[in-house]
$ cat upload-v9.cif   # mmCIF, C-alpha atoms
data_target
#
loop_
_atom_site.label_atom_id
_atom_site.label_comp_id
_atom_site.auth_asym_id
_atom_site.auth_seq_id
_atom_site.Cartn_x
_atom_site.Cartn_y
_atom_site.Cartn_z
CA MET A 24 1.13 -17.36 -2.26
CA GLU A 25 1.89 -13.81 -1.21
CA LEU A 26 2.53 -13.70 2.53
CA THR A 27 4.79 -10.70 2.88
CA LEU A 28 1.98 -8.16 3.05
CA LEU A 29 0.38 -10.18 5.82
CA PHE A 30 3.68 -10.22 7.72
CA ALA A 31 3.89 -6.45 7.36
CA VAL A 32 0.39 -6.06 8.79
CA LEU A 33 1.25 -8.40 11.64
CA THR A 34 4.36 -6.32 12.37
CA GLY A 35 2.12 -3.27 12.65
CA VAL A 36 -0.23 -5.13 14.98
CA ALA A 37 2.74 -6.31 17.06
CA PHE A 38 4.07 -2.75 17.43
CA LEU A 39 0.56 -1.59 18.36
CA TRP A 40 0.20 -4.34 20.94
CA LEU A 41 3.63 -3.61 22.43
CA ALA A 42 2.80 0.08 22.64
CA THR A 43 -0.44 -0.66 24.49
CA ARG A 44 1.56 -2.75 26.97
CA VAL A 45 4.10 0.03 27.46
CA SER A 46 1.42 2.66 28.04
CA ARG A 47 -0.93 0.56 30.17
CA ARG A 48 -1.51 3.38 32.64
CA ARG A 49 -2.51 5.85 29.94
CA LEU A 50 -4.93 3.35 28.43
CA ALA A 51 -6.51 2.13 31.66
CA GLY A 52 -10.29 2.20 31.57
CA ILE A 53 -10.67 1.80 27.80
CA ASP A 54 -12.52 -1.42 27.09
CA HIS A 55 -11.77 -3.47 23.97
CA LEU A 56 -8.98 -1.11 22.99
CA VAL A 57 -7.14 -3.32 20.50
CA ASP A 58 -10.48 -4.47 19.05
CA SER A 59 -11.49 -0.86 18.43
CA VAL A 60 -8.19 0.02 16.80
CA LEU A 61 -8.14 -3.11 14.63
CA ALA A 62 -11.76 -2.55 13.61
CA ALA A 63 -10.92 1.03 12.64
CA ALA A 64 -7.86 -0.14 10.69
CA VAL A 65 -9.84 -2.76 8.76
CA THR A 66 -12.68 -0.30 8.10
CA GLY A 67 -10.19 2.23 6.80
CA MET A 68 -8.49 -0.36 4.62
CA VAL A 69 -11.75 -1.51 3.03
CA ALA A 70 -12.89 2.07 2.43
CA GLY A 71 -9.49 2.93 0.97
CA ARG A 72 -9.55 -0.11 -1.29
CA LEU A 73 -13.07 0.69 -2.52
CA ALA A 74 -12.00 4.27 -3.21
CA ALA A 75 -8.91 3.09 -5.09
CA MET A 76 -11.05 0.78 -7.23
CA ILE A 77 -13.53 3.53 -8.05
CA PHE A 78 -10.79 6.08 -8.79
CA THR A 79 -8.98 3.67 -11.14
CA GLY A 80 -12.05 2.55 -13.06
CA THR A 81 -12.95 -0.80 -11.49
CA ASN A 82 -16.60 -1.01 -10.52
CA PRO A 83 -16.84 -2.61 -7.05
CA ILE A 84 -20.43 -3.70 -7.75
CA THR A 85 -19.57 -5.64 -10.91
CA HIS A 86 -16.24 -6.87 -9.48
CA PRO A 87 -16.94 -7.31 -5.75
CA LEU A 88 -14.15 -9.83 -5.15
CA ASP A 89 -11.54 -7.32 -6.28
CA VAL A 90 -12.04 -5.57 -2.94
CA VAL A 91 -9.90 -8.19 -1.24
CA ILE A 92 -6.90 -7.60 -3.52
CA VAL A 93 -5.42 -5.07 -1.16
CA ARG A 94 -2.08 -5.04 -2.93
CA GLY A 95 -3.83 -3.66 -5.98
CA GLY A 96 -4.01 -0.30 -4.24
CA VAL A 97 -5.56 1.41 -1.23
CA ASP A 98 -6.33 5.12 -1.36
CA THR A 99 -4.33 6.54 1.56
CA ARG A 100 -6.51 9.62 1.99
CA VAL A 101 -9.83 7.81 2.22
CA ALA A 102 -8.32 5.03 4.33
CA ALA A 103 -6.78 7.40 6.87
CA VAL A 104 -9.83 9.63 7.24
CA THR A 105 -12.18 6.64 7.50
CA ALA A 106 -9.97 4.87 10.05
CA VAL A 107 -9.79 7.95 12.28
CA ALA A 108 -13.55 8.50 11.96
CA ALA A 109 -14.22 4.84 12.79
CA LEU A 110 -11.93 5.05 15.79
CA ALA A 111 -13.67 8.19 17.04
CA TRP A 112 -17.06 6.51 16.53
CA GLY A 113 -15.90 3.49 18.52
CA PHE A 114 -14.63 5.71 21.34
CA ARG A 115 -17.91 7.53 21.95
CA PRO A 116 -18.81 9.25 24.23
CA SER A 117 -15.32 10.01 25.59
CA VAL A 118 -13.81 10.72 22.19
CA PRO A 119 -11.03 13.22 23.01
CA ALA A 120 -9.80 11.41 26.12
CA ARG A 121 -9.67 8.05 24.40
CA LEU A 122 -8.19 9.33 21.15
CA ASP A 123 -5.52 11.12 23.19
CA ALA A 124 -4.83 7.96 25.14
CA VAL A 125 -4.45 5.74 22.08
CA ALA A 126 -2.54 8.27 19.91
CA PRO A 127 1.01 7.06 20.75
CA ALA A 128 0.06 3.41 20.26
CA ALA A 129 -1.53 4.22 16.89
CA LEU A 130 1.69 5.94 15.78
CA ALA A 131 3.68 2.93 16.95
CA GLY A 132 1.36 0.66 14.93
CA LEU A 133 1.99 2.78 11.84
CA ALA A 134 5.72 2.58 12.53
CA GLY A 135 5.40 -1.21 12.62
CA TRP A 136 3.56 -1.24 9.30
CA HIS A 137 6.40 0.72 7.70
CA ALA A 138 9.00 -1.52 9.37
CA GLY A 139 7.14 -4.41 7.74
CA CYS A 140 8.90 -3.40 4.53
CA LEU A 141 11.69 -5.65 5.78
CA TRP A 142 9.39 -8.65 5.24
CA ARG A 143 8.15 -7.36 1.92
CA GLY A 144 11.56 -6.44 0.53
CA ALA A 145 10.06 -3.05 -0.19
CA CYS A 146 12.08 -0.64 1.96
CA LEU A 147 14.03 1.06 -0.80
CA GLY A 148 13.46 4.47 -2.27
CA THR A 149 15.34 6.81 -4.55
CA ALA A 150 19.02 6.41 -5.36
CA SER A 151 21.51 7.57 -2.74
CA ASP A 152 25.24 7.43 -1.98
CA LEU A 153 24.84 7.73 1.78
CA PRO A 154 26.78 5.10 3.75
CA TRP A 155 23.66 3.28 4.93
CA SER A 156 22.11 3.09 1.46
CA VAL A 157 21.17 -0.37 0.24
CA ALA A 158 21.02 -1.88 -3.26
CA LEU A 159 18.46 -4.28 -4.63
CA PRO A 160 19.85 -7.80 -5.13
CA GLY A 161 21.90 -7.85 -8.32
CA SER A 162 21.90 -4.08 -8.68
CA ASP A 163 24.70 -1.53 -8.39
CA VAL A 164 22.30 1.30 -7.56
CA THR A 165 22.24 2.00 -3.81
CA ARG A 166 19.07 3.52 -2.41
CA HIS A 167 17.57 5.20 0.65
CA PRO A 168 15.87 2.70 2.97
CA VAL A 169 12.98 5.14 2.97
CA GLU A 170 10.44 2.99 4.78
CA VAL A 171 12.90 2.49 7.63
CA TYR A 172 13.25 6.27 7.84
CA ALA A 173 9.46 6.57 8.05
CA SER A 174 9.29 3.89 10.72
CA ILE A 175 11.93 5.62 12.85
CA LEU A 176 10.23 9.01 12.49
CA LEU A 177 6.88 7.53 13.52
CA LEU A 178 8.45 5.81 16.53
CA VAL A 179 10.09 9.07 17.61
CA ALA A 180 6.71 10.78 17.18
CA ALA A 181 5.05 8.06 19.26
CA VAL A 182 7.51 8.56 22.11
CA GLY A 183 7.16 12.35 21.87
CA VAL A 184 3.37 12.23 21.90
CA SER A 185 3.37 9.86 24.87
CA ARG A 186 5.30 12.46 26.88
CA LEU A 187 2.94 15.36 26.22
CA PRO A 188 0.95 16.78 29.13
CA ALA A 189 -2.68 15.68 29.44
CA ARG A 190 -4.77 18.29 27.66
CA PRO A 191 -7.88 17.46 25.61
CA TRP A 192 -6.99 16.83 21.94
CA LEU A 193 -3.30 17.65 22.40
CA ALA A 194 -1.98 14.13 21.85
CA THR A 195 -4.47 13.52 19.03
CA GLY A 196 -3.44 16.68 17.22
CA ALA A 197 0.23 15.94 17.72
CA ALA A 198 -0.20 12.39 16.44
CA VAL A 199 -2.01 13.54 13.29
CA ALA A 200 0.67 16.16 12.71
CA GLY A 201 3.42 13.62 13.37
CA ALA A 202 1.97 11.03 11.01
CA GLY A 203 1.45 13.65 8.29
CA LEU A 204 4.97 15.07 8.69
CA ALA A 205 6.60 11.62 8.73
CA ARG A 206 5.00 10.79 5.40
CA LEU A 207 5.51 14.28 3.98
CA VAL A 208 9.26 14.40 4.56
CA THR A 209 9.86 10.85 3.32
CA GLN A 210 7.61 11.07 0.26
CA PRO A 211 10.24 12.68 -2.01
CA LEU A 212 12.48 9.69 -1.30
CA ARG A 213 9.74 7.16 -2.11
CA PRO A 214 9.38 5.86 -5.69
CA SER A 215 5.94 6.64 -7.04
CA LEU A 216 4.22 7.19 -10.34
CA GLY A 217 2.48 10.42 -9.48
CA GLY A 218 4.40 11.91 -6.58
CA GLY A 219 1.99 10.51 -3.98
CA PRO A 220 -0.71 12.33 -1.99
CA VAL A 221 1.69 15.03 -0.80
CA LEU A 222 -1.05 17.63 -0.40
CA PHE A 223 -2.98 15.26 1.84
CA TYR A 224 0.05 14.70 4.05
CA ALA A 225 0.67 18.44 4.22
CA LEU A 226 -2.97 19.05 5.07
CA ALA A 227 -2.86 16.41 7.83
CA ALA A 228 0.27 17.99 9.30
CA PHE A 229 -1.30 21.46 9.12
CA VAL A 230 -4.61 20.41 10.69
CA GLY A 231 -2.75 18.47 13.39
CA LEU A 232 -0.64 21.48 14.27
CA ILE A 233 -3.74 23.71 14.40
CA VAL A 234 -5.32 21.25 16.83
CA VAL A 235 -2.13 21.26 18.92
CA VAL A 236 -2.13 25.04 19.14
CA ALA A 237 -5.84 25.09 20.00
CA ALA A 238 -5.33 22.41 22.65
CA VAL A 239 -2.42 24.25 24.25
CA ARG A 240 -4.47 27.43 24.33
CA GLY A 241 -7.42 25.58 25.84
CA TRP A 242 -9.73 26.27 22.90
CA MET A 243 -10.67 22.67 22.22
CA PRO A 244 -13.95 21.35 23.68
CA ARG A 245 -13.78 18.57 26.23
CA ALA A 246 -16.75 16.71 24.81
CA GLY A 247 -18.28 13.54 26.16
CA ALA A 248 -18.73 11.92 29.50
CA PRO A 249 -15.70 11.51 31.70
CA SER A 250 -14.08 8.10 31.84
CA ASP A 251 -11.26 6.49 33.76
CA ALA A 252 -8.92 7.40 30.97
CA ASP A 253 -9.64 11.08 31.52
CA HIS A 254 -8.12 10.89 34.97
CA HIS A 255 -4.83 9.32 33.99
CA PRO A 256 -2.09 11.71 33.03
CA ALA A 257 0.19 10.94 30.14
CA THR A 258 2.95 8.49 30.98
CA MET B 23 -13.99 -17.55 24.10
CA PRO B 24 -14.55 -13.99 25.45
CA GLU B 25 -16.40 -11.62 23.13
CA SER B 26 -13.40 -9.35 22.61
CA GLY B 27 -11.23 -12.32 21.66
CA LEU B 28 -13.82 -13.48 19.15
CA VAL B 29 -14.02 -10.04 17.55
CA LYS B 30 -10.22 -9.91 17.36
CA LEU B 31 -10.01 -13.37 15.83
CA THR B 32 -12.73 -12.53 13.28
CA LEU B 33 -10.99 -9.32 12.26
CA LEU B 34 -7.59 -10.95 11.92
CA THR B 35 -9.04 -13.87 9.96
CA GLY B 36 -10.85 -11.50 7.60
CA LEU B 37 -7.68 -9.49 7.13
CA ALA B 38 -5.64 -12.62 6.42
CA VAL B 39 -8.14 -13.85 3.83
CA ALA B 40 -8.21 -10.45 2.19
CA LEU B 41 -4.45 -10.31 1.90
CA LEU B 42 -3.93 -13.86 0.75
CA LEU B 43 -6.60 -14.19 -1.89
CA THR B 44 -4.72 -13.75 -5.13
CA ALA B 45 -5.81 -16.83 -7.02
CA CYS B 46 -7.24 -16.42 -10.51
CA GLY B 47 -9.61 -18.39 -12.67
CA ARG B 48 -9.00 -18.99 -16.37
CA SER B 49 -10.82 -19.52 -19.64
CA SER B 50 -9.85 -20.45 -23.15
CA GLY B 51 -10.79 -18.68 -26.34
CA THR B 52 -10.11 -17.89 -29.97
CA THR B 53 -7.84 -15.35 -31.59
CA GLY B 54 -9.07 -12.29 -33.47
CA GLY B 55 -8.08 -8.73 -32.50
CA LEU B 56 -4.71 -8.77 -30.78
CA ALA B 57 -1.65 -9.96 -32.65
CA GLU B 58 -0.59 -13.51 -31.81
CA PHE B 59 2.37 -13.95 -29.52
CA ASP B 60 5.29 -15.43 -31.44
CA ARG B 61 8.09 -16.71 -29.25
CA ASP B 62 10.94 -16.36 -31.72
CA GLY B 63 9.82 -12.95 -32.90
CA PHE B 64 9.39 -11.76 -29.32
CA GLU B 65 12.86 -12.97 -28.30
CA ALA B 66 14.39 -11.18 -31.27
CA ARG B 67 12.47 -8.03 -30.47
CA LEU B 68 13.77 -7.99 -26.88
CA ASP B 69 17.32 -8.69 -28.03
CA GLU B 70 17.20 -5.79 -30.47
CA SER B 71 15.46 -3.34 -28.15
CA GLU B 72 17.37 -0.14 -27.51
CA LEU B 73 15.03 0.84 -24.69
CA PRO B 74 14.33 -0.99 -21.45
CA VAL B 75 11.17 -3.07 -21.71
CA ILE B 76 8.46 -3.86 -19.18
CA VAL B 77 6.34 -6.87 -20.07
CA ASN B 78 3.12 -7.35 -18.16
CA VAL B 79 1.43 -10.75 -18.39
CA TRP B 80 -2.29 -10.45 -17.77
CA GLY B 81 -5.70 -11.94 -18.51
CA SER B 82 -9.14 -10.41 -18.44
CA TRP B 83 -10.22 -13.37 -16.29
CA CYS B 84 -7.74 -12.44 -13.58
CA PRO B 85 -8.95 -10.02 -10.85
CA PRO B 86 -5.42 -9.14 -9.65
CA CYS B 87 -4.57 -8.18 -13.25
CA ARG B 88 -7.51 -5.76 -13.21
CA SER B 89 -6.26 -4.23 -9.98
CA GLU B 90 -2.82 -3.42 -11.42
CA ALA B 91 -3.88 -2.48 -14.96
CA PRO B 92 -4.43 1.22 -14.14
CA LEU B 93 -0.87 1.40 -12.80
CA PHE B 94 0.54 0.24 -16.11
CA ALA B 95 -1.65 2.67 -18.02
CA THR B 96 -0.34 5.50 -15.82
CA ALA B 97 3.26 4.30 -16.00
CA HIS B 98 3.06 4.14 -19.80
CA GLN B 99 1.74 7.69 -19.98
CA GLN B 100 4.60 8.85 -17.78
CA PHE B 101 7.53 6.78 -19.04
CA GLY B 102 6.38 5.59 -22.47
CA ASP B 103 9.07 7.67 -24.18
CA ARG B 104 11.90 6.04 -22.20
CA ILE B 105 10.59 2.53 -21.60
CA GLU B 106 8.75 0.19 -23.94
CA PHE B 107 5.65 -1.34 -22.39
CA ILE B 108 4.24 -4.59 -23.78
CA GLY B 109 1.24 -6.47 -22.47
CA VAL B 110 0.83 -10.19 -23.06
CA ASP B 111 -2.70 -11.49 -22.61
CA VAL B 112 -2.58 -15.17 -21.70
CA GLN B 113 -5.19 -17.93 -21.98
CA ASP B 114 -7.94 -15.45 -22.73
CA THR B 115 -10.57 -14.64 -25.33
CA GLN B 116 -10.19 -11.82 -27.81
CA GLU B 117 -13.50 -10.37 -26.59
CA GLY B 118 -12.28 -10.39 -23.02
CA ALA B 119 -9.00 -8.81 -24.05
CA ALA B 120 -10.71 -6.04 -25.99
CA GLY B 121 -12.98 -5.23 -23.07
CA PHE B 122 -10.10 -5.18 -20.62
CA ILE B 123 -7.99 -2.87 -22.78
CA ALA B 124 -10.92 -0.51 -23.31
CA ASP B 125 -11.90 -0.50 -19.62
CA TYR B 126 -8.50 0.68 -18.48
CA GLY B 127 -7.57 2.88 -21.43
CA ILE B 128 -4.40 0.87 -22.12
CA GLU B 129 -2.54 2.44 -25.03
CA PHE B 130 0.57 0.29 -25.26
CA GLU B 131 0.92 -2.77 -27.46
CA ASN B 132 -0.62 -6.05 -26.31
CA LEU B 133 -0.07 -9.54 -27.67
CA PHE B 134 -2.35 -12.56 -27.50
CA ASP B 135 -0.74 -15.66 -26.01
CA ARG B 136 -3.31 -18.44 -26.17
CA THR B 137 -1.23 -21.01 -24.28
CA GLY B 138 0.77 -18.82 -21.93
CA GLU B 139 4.00 -19.63 -23.77
CA ILE B 140 5.69 -16.48 -22.51
CA ARG B 141 5.86 -18.03 -19.06
CA GLN B 142 7.79 -20.99 -20.41
CA MET B 143 10.07 -18.59 -22.23
CA MET B 144 10.74 -16.15 -19.38
CA GLY B 145 9.78 -18.01 -16.24
CA GLY B 146 7.01 -17.59 -13.70
CA ILE B 147 3.61 -19.10 -13.07
CA GLY B 148 0.05 -17.77 -13.12
CA ALA B 149 -0.87 -14.17 -13.74
CA PRO B 150 -0.12 -11.37 -13.35
CA ILE B 151 3.63 -11.41 -13.93
CA THR B 152 5.80 -8.41 -14.68
CA TYR B 153 9.21 -8.71 -16.33
CA PHE B 154 11.71 -5.85 -16.18
CA ILE B 155 14.12 -6.15 -19.11
CA ALA B 156 17.23 -4.12 -19.85
CA PRO B 157 18.08 -2.84 -23.36
CA GLY B 158 19.40 -5.80 -25.30
CA GLY B 159 17.09 -8.29 -23.66
CA GLY B 160 18.72 -8.99 -20.27
CA LEU B 161 16.14 -9.92 -17.66
CA VAL B 162 16.61 -7.58 -14.67
CA ASP B 163 13.75 -8.70 -12.46
CA THR B 164 10.61 -10.80 -12.48
CA HIS B 165 7.69 -9.86 -10.27
CA ILE B 166 5.16 -12.63 -9.84
CA GLY B 167 1.72 -11.59 -8.56
CA VAL B 168 0.11 -8.20 -8.14
CA ILE B 169 2.57 -5.35 -8.30
CA ASP B 170 1.90 -2.20 -6.31
CA GLU B 171 2.73 1.35 -7.28
CA GLN B 172 5.88 1.58 -5.20
CA GLN B 173 7.32 -1.66 -6.58
CA LEU B 174 6.51 -0.70 -10.15
CA ALA B 175 8.02 2.75 -9.67
CA LEU B 176 11.11 1.19 -8.12
CA GLY B 177 11.46 -1.26 -11.01
CA ILE B 178 11.15 1.59 -13.50
CA ASP B 179 13.72 3.66 -11.61
CA GLU B 180 16.08 0.69 -11.55
CA LEU B 181 15.72 0.14 -15.31
CA LEU B 182 16.32 3.80 -16.04
CA ALA B 183 19.30 3.95 -13.68
CA GLN B 184 20.88 0.91 -15.30
CA GLY B 185 20.00 1.96 -18.81
#
$ encode --input "upload-v9.cif" --output "structure tokens"
Amino acid sequence: MELTLLFAVLTGVAFLWLATRVSRRRLAGIDHLVDSVLAAAVTGMVAGRLAAMIFTGTNPITHPLDVVIVRGGVDTRVAAVTAVAALAWGFRPSVPARLDAVAPAALAGLAGWHAGCLWRGACLGTASDLPWSVALPGSDVTRHPVEVYASILLLVAAVGVSRLPARPWLATGAAVAGAGLARLVTQPLRPSLGGGPVLFYALAAFVGLIVVVAAVRGWMPRAGAPSDADHHPAT
Amino acid sequence: MPESGLVKLTLLTGLAVALLLTACGRSSGTTGGLAEFDRDGFEARLDESELPVIVNVWGSWCPPCRSEAPLFATAHQQFGDRIEFIGVDVQDTQEGAAGFIADYGIEFENLFDRTGEIRQMMGGIGAPITYFIAPGGGLVDTHIGVIDEQQLALGIDELLAQG
């Protein structure tokens, strides 16, 4: 029975939970926070899995049970966009304030998912001679622990985003940019058959940075009704 | 239990079931289209191989095998000149095998192993299984269960680096 993927998911949930505890003040006033984030993550995963099945030629209508074989592939692009959309939907009507509040915790959750490679034995990337490189058991080829790099970058991004001033959409934009950049810079070190969705990561980083600039300049709308979270500055 | 706790529990339970469900059914059948798996011949072929070999054990009755089949088709297109790919269809029907191969556009050679003898020969249980084999027949790694893109790419990289 394959348990390692489950452990990796639980590591992500643990990081997310810890981050919500650390940033309690920022998140005050948001009801069912972890529920909303977990629901968005599961929605994104299912959508990503369905997309992966369709893109690789498996009909989800004729093979409905294949949806649960998550290890068979999840389309990152569809999963990420769907998860963010589901989160925004769940945070109505105070979408910007709540997305901004949860942004660091979401990055920490992603960092935990990548750190879960330690459970899966799937941290290693391309060959490297750097002192901290690691070899597969029985192999002489040392490799970048690329998923650990990604985890560290996402944690640094989470801390950075949590220290940003409270401006509508600023933390959200920075988090999207941070997540995109963390994946973009580590992707060349990650073994893959097609190079990975590099353009998607680049697009996410670009869009995130545009949102950051717009937020700093005060161009972003402050949509929705005010909530308690709107009145708490970033911690 | 509070409502939020119930929602959380339901989500986590659903997630756990989704991640753990890798069991497969099975069926028996007759031979016809694919060449029969011959243990001695297969051993000799691996021993004499000058290229690394990736052997994927699959069955058309096995949903996890379906989920990874496109990866092997892609990997063969990309690395077929440097690595030999062989599929071994176990405990299947020839009709099922033909449909599976056509569905996923698999172009590498596949053998028909009515009894799943390859697993006795090389180790492992169930399906799918992926064996990474160095030139000359040395078994480098065995991956039991669904393989994802990163693990397959890493196995290929390891074979090429060692080769």
$ closest_residue --input "upload-v9.cif" --among "B:Phe134, B:Tyr153, B:Phe107, B:Phe122" --to "chain A" --atoms "all atoms listed in the file"
B:Phe122
$ atom_distance --input "upload-v9.cif" --atom1 "atom CA of Leu33 of chain A" --atom2 "atom CA of Thr209 of chain A"
22.7 Å
$ residues_around --input "upload-v9.cif" --residues "segment 229-245 of chain A" --least-positions-apart "5" --cutoff "9 Å" --atoms "all atoms listed in the file" --output "mmCIF file with C-alpha atoms, in the coordinates of the input"
data_model
loop_
_atom_site.group_PDB
_atom_site.id
_atom_site.type_symbol
_atom_site.label_atom_id
_atom_site.label_comp_id
_atom_site.auth_asym_id
_atom_site.auth_seq_id
_atom_site.Cartn_x
_atom_site.Cartn_y
_atom_site.Cartn_z
ATOM 1 C CA SER A 117 -15.320 10.010 25.590
ATOM 2 C CA VAL A 118 -13.810 10.720 22.190
ATOM 3 C CA PRO A 119 -11.030 13.220 23.010
ATOM 4 C CA ALA A 120 -9.800 11.410 26.120
ATOM 5 C CA ARG A 190 -4.770 18.290 27.660
ATOM 6 C CA PRO A 191 -7.880 17.460 25.610
ATOM 7 C CA TRP A 192 -6.990 16.830 21.940
ATOM 8 C CA LEU A 193 -3.300 17.650 22.400
ATOM 9 C CA ALA A 194 -1.980 14.130 21.850
ATOM 10 C CA THR A 195 -4.470 13.520 19.030
ATOM 11 C CA GLY A 196 -3.440 16.680 17.220
ATOM 12 C CA ALA A 197 0.230 15.940 17.720
ATOM 13 C CA ALA A 198 -0.200 12.390 16.440
ATOM 14 C CA VAL A 199 -2.010 13.540 13.290
ATOM 15 C CA ALA A 200 0.670 16.160 12.710
ATOM 16 C CA GLY A 201 3.420 13.620 13.370
ATOM 17 C CA GLY A 203 1.450 13.650 8.290
ATOM 18 C CA LEU A 204 4.970 15.070 8.690
ATOM 19 C CA TYR A 224 0.050 14.700 4.050
#
$ interface_residues --input "upload-v9.cif" --of "chain A" --to "chain B" --cutoff "9 Å" --atoms "only C-alpha atoms" --output "mmCIF file with C-alpha atoms, in the frame of the given file"
data_model
loop_
_atom_site.group_PDB
_atom_site.id
_atom_site.type_symbol
_atom_site.label_atom_id
_atom_site.label_comp_id
_atom_site.auth_asym_id
_atom_site.auth_seq_id
_atom_site.Cartn_x
_atom_site.Cartn_y
_atom_site.Cartn_z
ATOM 1 C CA MET A 24 1.130 -17.360 -2.260
ATOM 2 C CA GLU A 25 1.890 -13.810 -1.210
ATOM 3 C CA LEU A 26 2.530 -13.700 2.530
ATOM 4 C CA LEU A 28 1.980 -8.160 3.050
ATOM 5 C CA LEU A 29 0.380 -10.180 5.820
ATOM 6 C CA VAL A 32 0.390 -6.060 8.790
ATOM 7 C CA HIS A 55 -11.770 -3.470 23.970
ATOM 8 C CA VAL A 57 -7.140 -3.320 20.500
ATOM 9 C CA ASP A 58 -10.480 -4.470 19.050
ATOM 10 C CA LEU A 61 -8.140 -3.110 14.630
ATOM 11 C CA ALA A 62 -11.760 -2.550 13.610
ATOM 12 C CA VAL A 65 -9.840 -2.760 8.760
ATOM 13 C CA MET A 76 -11.050 0.780 -7.230
ATOM 14 C CA THR A 79 -8.980 3.670 -11.140
ATOM 15 C CA GLY A 80 -12.050 2.550 -13.060
ATOM 16 C CA THR A 81 -12.950 -0.800 -11.490
ATOM 17 C CA HIS A 86 -16.240 -6.870 -9.480
ATOM 18 C CA LEU A 88 -14.150 -9.830 -5.150
ATOM 19 C CA ASP A 89 -11.540 -7.320 -6.280
ATOM 20 C CA VAL A 90 -12.040 -5.570 -2.940
ATOM 21 C CA VAL A 91 -9.900 -8.190 -1.240
ATOM 22 C CA ILE A 92 -6.900 -7.600 -3.520
ATOM 23 C CA VAL A 93 -5.420 -5.070 -1.160
ATOM 24 C CA ARG A 94 -2.080 -5.040 -2.930
ATOM 25 C CA GLY A 95 -3.830 -3.660 -5.980
ATOM 26 C CA GLY A 96 -4.010 -0.300 -4.240
ATOM 27 C CA ALA A 145 10.060 -3.050 -0.190
ATOM 28 C CA LEU A 147 14.030 1.060 -0.800
ATOM 29 C CA GLY A 148 13.460 4.470 -2.270
ATOM 30 C CA THR A 149 15.340 6.810 -4.550
ATOM 31 C CA ALA A 150 19.020 6.410 -5.360
ATOM 32 C CA LEU A 159 18.460 -4.280 -4.630
ATOM 33 C CA GLY A 161 21.900 -7.850 -8.320
ATOM 34 C CA SER A 162 21.900 -4.080 -8.680
ATOM 35 C CA ASP A 163 24.700 -1.530 -8.390
ATOM 36 C CA VAL A 164 22.300 1.300 -7.560
ATOM 37 C CA ARG A 213 9.740 7.160 -2.110
ATOM 38 C CA PRO A 214 9.380 5.860 -5.690
ATOM 39 C CA SER A 215 5.940 6.640 -7.040
ATOM 40 C CA LEU A 216 4.220 7.190 -10.340
ATOM 41 C CA GLY A 217 2.480 10.420 -9.480
#
$ resolve_selection --input "upload-v9.cif" --expression "the PyMOL selection byres ((chain B and resi 61-64) around 8)" --output "list in words"
Phe59, Asp60, Glu65, Ala66, Arg67, Leu68, Glu139, Ile140 and Met143 of chain B
$ residues_around --input "upload-v9.cif" --residues "Ala74 of chain A" --least-positions-apart "6" --cutoff "9 Å" --atoms "all atoms listed in the file" --output "list in words"
Val97, Asp98, Val101 and Ala102 of chain A
$ atom_distance --input "upload-v9.cif" --atom1 "atom CA of Gly118 of chain B" --atom2 "atom CA of Met144 of chain B"
24.0 Å
$ closest_residue --input "upload-v9.cif" --among "B:Ala156, B:Leu133, B:Ala95, B:Ala149" --to "Gly81 of chain B" --atoms "all atoms listed in the file"
B:Ala149
$ decode --input "upload-v9.cif" --residues "segment 153-174 of chain A" --atoms "C-alpha atoms" --output "PDB file, in the first residue's frame"
ATOM      1  CA  LEU A 153      27.824  20.258  -4.816  1.00  0.00           C
ATOM      2  CA  PRO A 154      28.754  19.229  -1.257  1.00  0.00           C
ATOM      3  CA  TRP A 155      25.151  18.779  -0.150  1.00  0.00           C
ATOM      4  CA  SER A 156      24.197  16.632  -3.140  1.00  0.00           C
ATOM      5  CA  VAL A 157      22.707  13.246  -2.360  1.00  0.00           C
ATOM      6  CA  ALA A 158      22.798   9.924  -4.237  1.00  0.00           C
ATOM      7  CA  LEU A 159      20.019   7.416  -4.619  1.00  0.00           C
ATOM      8  CA  PRO A 160      20.622   4.222  -2.619  1.00  0.00           C
ATOM      9  CA  GLY A 161      23.112   2.064  -4.496  1.00  0.00           C
ATOM     10  CA  SER A 162      24.033   4.812  -6.939  1.00  0.00           C
ATOM     11  CA  ASP A 163      27.263   6.760  -7.413  1.00  0.00           C
ATOM     12  CA  VAL A 164      25.471   9.696  -9.045  1.00  0.00           C
ATOM     13  CA  THR A 165      24.952  12.539  -6.557  1.00  0.00           C
ATOM     14  CA  ARG A 166      22.028  14.859  -7.210  1.00  0.00           C
ATOM     15  CA  HIS A 167      20.463  18.177  -6.212  1.00  0.00           C
ATOM     16  CA  PRO A 168      17.867  17.765  -3.440  1.00  0.00           C
ATOM     17  CA  VAL A 169      15.658  19.924  -5.620  1.00  0.00           C
ATOM     18  CA  GLU A 170      12.429  19.550  -3.682  1.00  0.00           C
ATOM     19  CA  VAL A 171      14.204  20.689  -0.523  1.00  0.00           C
ATOM     20  CA  TYR A 172      15.365  23.774  -2.432  1.00  0.00           C
ATOM     21  CA  ALA A 173      11.766  24.444  -3.470  1.00  0.00           C
ATOM     22  CA  SER A 174      10.548  23.979   0.083  1.00  0.00           C
TER      23      SER A 174
END
